[in-house]
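**Q** Could you have a look at this structure, given as structure tokens, before my questions?
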Amino acid sequence: MSAEAWTLTIETERLILRPQKSSDYEAWYIGFSSRLPQQSKYDEGQVSLQDCDPAWFSNLCDRHQTQALSDYAYIFGVFLKQTAQHLGYVDLSTIYREEKQWANLGYGIHNQYWRQGFGREAVKAALIGGFEHLGYHRIEAAINLDNHPSIALAKVLAY
């Protein structure tokens, strides 16, 4: 990774969205290892973390930096401001720049934190960051037609 780094941080009332760092490993691991069993078709639920040691996570953070520095994707870890708990992620992937300035939005909140408004708060913050800091003019979310909770989230944000 180059000496240059992508560091955009967005704060809301309860959350901090920022690039994940190697030092986030423990919070990241706890977030994933504390997931509940799968709650719906589009929920990964509990996942194997067998190969996810600190070195693996450091490489993941480096890949995220490389993607951001090449304007391919901006992946934000979502952290609870008060406790630094890792709640999930939000990402913006560039589809096309030039005159369109167009991106795709993705998001995932660990299922143990669902129904507390964290998804709505994180996505709203990421949209503001995408428009105001990353220069996108159009941001869309590719949502499966039967993923009703995700559709509801997009509608609540008038997205």
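Ordering of the structure tokens sets the chain letters (A, B, ...), residue numbers begin anew at 1 in every chain, and ligands are numbered from 1 in the order given.
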Residues of range 19-125 of chain A classed as strand (DSSP E) by DSSP on the backbone are to be reported as number ranges by chain.
**A** A: 73-80, 86-96, 102-109
**Q** For Phe57 in chain A, work out the shell of residues within 9 Å, counting only C-alpha atoms and skipping chain neighbours fewer than 6 positions away, then give it as a ChimeraX atom specification.
**A** /A:21-22,24-25,28
**Q** Quick one: residues within 10 Å of Tyr96 in chain A, only C-alpha atoms, excluding same-chain residues fewer than 4 positions away - as a list in words?
**A**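 Residues near the query, excluding close chain neighbours: Tyr72, Lys100, Gln101, Trp102, Ala103, Asn104, Tyr136 and Arg138 of chain A.
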**Q** Give the alpha helix (DSSP H) residues of range 17-134 of chain A, as DSSP finds them on the backbone, and put them as a PyMOL selection string.
**A** chain A and resi 25-33+54-69+118-132
**Q** Would you save the residues of that selection, restricted to N, CA and C atoms, as a short mmCIF file (atom, residue, chain, number, x, y, z; two decimals), in the first residue's frame?
**A**
data_model
loop_
_atom_site.label_atom_id
_atom_site.label_comp_id
_atom_site.auth_asym_id
_atom_site.auth_seq_id
_atom_site.Cartn_x
_atom_site.Cartn_y
_atom_site.Cartn_z
N TYR A 25 -9.41 -5.00 14.07
CA TYR A 25 -9.62 -6.44 13.96
C TYR A 25 -10.52 -6.99 15.06
N GLU A 26 -10.22 -6.67 16.30
CA GLU A 26 -10.99 -7.25 17.41
C GLU A 26 -12.47 -6.85 17.32
N ALA A 27 -12.76 -5.59 17.09
CA ALA A 27 -14.15 -5.13 16.97
C ALA A 27 -14.83 -5.80 15.77
N TRP A 28 -14.11 -5.89 14.65
CA TRP A 28 -14.64 -6.54 13.45
C TRP A 28 -14.96 -8.00 13.75
N TYR A 29 -14.02 -8.69 14.38
CA TYR A 29 -14.19 -10.11 14.69
C TYR A 29 -15.38 -10.33 15.62
N ILE A 30 -15.49 -9.52 16.65
CA ILE A 30 -16.62 -9.65 17.59
C ILE A 30 -17.94 -9.40 16.87
N GLY A 31 -17.98 -8.39 16.00
CA GLY A 31 -19.20 -8.11 15.24
C GLY A 31 -19.65 -9.31 14.43
N PHE A 32 -18.72 -9.93 13.72
CA PHE A 32 -19.07 -11.08 12.89
C PHE A 32 -19.34 -12.33 13.73
N SER A 33 -18.54 -12.56 14.76
CA SER A 33 -18.71 -13.79 15.55
C SER A 33 -19.94 -13.75 16.44
N PRO A 54 -5.62 -11.84 12.26
CA PRO A 54 -5.24 -10.43 12.08
C PRO A 54 -4.50 -10.14 10.78
N ALA A 55 -3.66 -11.06 10.31
CA ALA A 55 -2.94 -10.84 9.04
C ALA A 55 -3.92 -10.81 7.87
N TRP A 56 -4.89 -11.71 7.87
CA TRP A 56 -5.93 -11.73 6.83
C TRP A 56 -6.69 -10.41 6.84
N PHE A 57 -7.05 -9.95 8.04
CA PHE A 57 -7.82 -8.70 8.15
C PHE A 57 -6.99 -7.50 7.69
N SER A 58 -5.72 -7.49 8.01
CA SER A 58 -4.84 -6.41 7.56
C SER A 58 -4.79 -6.37 6.03
N ASN A 59 -4.72 -7.54 5.40
CA ASN A 59 -4.74 -7.60 3.94
C ASN A 59 -6.08 -7.10 3.39
N LEU A 60 -7.17 -7.43 4.06
CA LEU A 60 -8.49 -6.93 3.65
C LEU A 60 -8.51 -5.40 3.70
N CYS A 61 -8.01 -4.84 4.77
CA CYS A 61 -7.96 -3.37 4.89
C CYS A 61 -7.10 -2.77 3.79
N ASP A 62 -5.97 -3.40 3.47
CA ASP A 62 -5.12 -2.92 2.38
C ASP A 62 -5.85 -2.97 1.04
N ARG A 63 -6.60 -4.06 0.79
CA ARG A 63 -7.36 -4.16 -0.46
C ARG A 63 -8.41 -3.06 -0.54
N HIS A 64 -9.07 -2.78 0.58
CA HIS A 64 -10.06 -1.70 0.60
C HIS A 64 -9.40 -0.36 0.27
N GLN A 65 -8.23 -0.12 0.82
CA GLN A 65 -7.50 1.11 0.52
C GLN A 65 -7.16 1.19 -0.97
N THR A 66 -6.67 0.10 -1.52
CA THR A 66 -6.32 0.07 -2.94
C THR A 66 -7.54 0.36 -3.81
N GLN A 67 -8.67 -0.22 -3.45
CA GLN A 67 -9.91 0.02 -4.21
C GLN A 67 -10.32 1.48 -4.13
N ALA A 68 -10.21 2.09 -2.97
CA ALA A 68 -10.59 3.50 -2.81
C ALA A 68 -9.63 4.41 -3.58
N LEU A 69 -8.34 4.15 -3.46
CA LEU A 69 -7.36 5.01 -4.12
C LEU A 69 -7.44 4.91 -5.65
N PHE A 118 -29.85 1.56 12.71
CA PHE A 118 -28.45 1.73 12.31
C PHE A 118 -28.29 1.69 10.79
N GLY A 119 -29.02 0.81 10.12
CA GLY A 119 -28.93 0.73 8.67
C GLY A 119 -29.34 2.04 8.02
N ARG A 120 -30.47 2.57 8.44
CA ARG A 120 -30.97 3.84 7.89
C ARG A 120 -29.96 4.95 8.13
N GLU A 121 -29.44 5.04 9.34
CA GLU A 121 -28.50 6.10 9.69
C GLU A 121 -27.19 5.97 8.90
N ALA A 122 -26.70 4.74 8.75
CA ALA A 122 -25.45 4.52 8.02
C ALA A 122 -25.61 4.80 6.53
N VAL A 123 -26.70 4.34 5.94
CA VAL A 123 -26.92 4.56 4.51
C VAL A 123 -27.11 6.04 4.21
N LYS A 124 -27.87 6.72 5.04
CA LYS A 124 -28.07 8.16 4.84
C LYS A 124 -26.72 8.89 4.88
N ALA A 125 -25.88 8.54 5.85
CA ALA A 125 -24.56 9.18 5.96
C ALA A 125 -23.69 8.86 4.75
N ALA A 126 -23.73 7.62 4.29
CA ALA A 126 -22.93 7.24 3.12
C ALA A 126 -23.39 7.97 1.87
N LEU A 127 -24.70 8.16 1.72
CA LEU A 127 -25.20 8.91 0.57
C LEU A 127 -24.70 10.35 0.60
N ILE A 128 -24.77 10.97 1.76
CA ILE A 128 -24.26 12.34 1.89
C ILE A 128 -22.77 12.36 1.56
N GLY A 129 -22.02 11.41 2.09
CA GLY A 129 -20.59 11.33 1.79
C GLY A 129 -20.33 11.12 0.31
N GLY A 130 -21.12 10.27 -0.32
CA GLY A 130 -20.96 10.01 -1.74
C GLY A 130 -21.19 11.24 -2.60
N PHE A 131 -22.24 11.99 -2.26
CA PHE A 131 -22.54 13.20 -3.04
C PHE A 131 -21.60 14.35 -2.70
N GLU A 132 -21.38 14.60 -1.42
CA GLU A 132 -20.64 15.79 -0.99
C GLU A 132 -19.12 15.62 -1.01
#
**Q** Which residues are near Gln112 in chain A? Cut-off 8 Å, only C-alpha atoms, ignore same chain within fewer than 6 positions. Put them as a list in words.
**A** Ser34, Arg35 and Leu36 of chain A
**Q** Which residue, A:Thr12, A:Leu105, A:Ser23, A:His110, has the smallest gap to Val47 in chain A when you use only C-alpha atoms?
**A**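 Checking each of A:Thr12, A:Leu105, A:Ser23, A:His110 against Val47 in chain A, counting only C-alpha atoms, the winner is A:His110.
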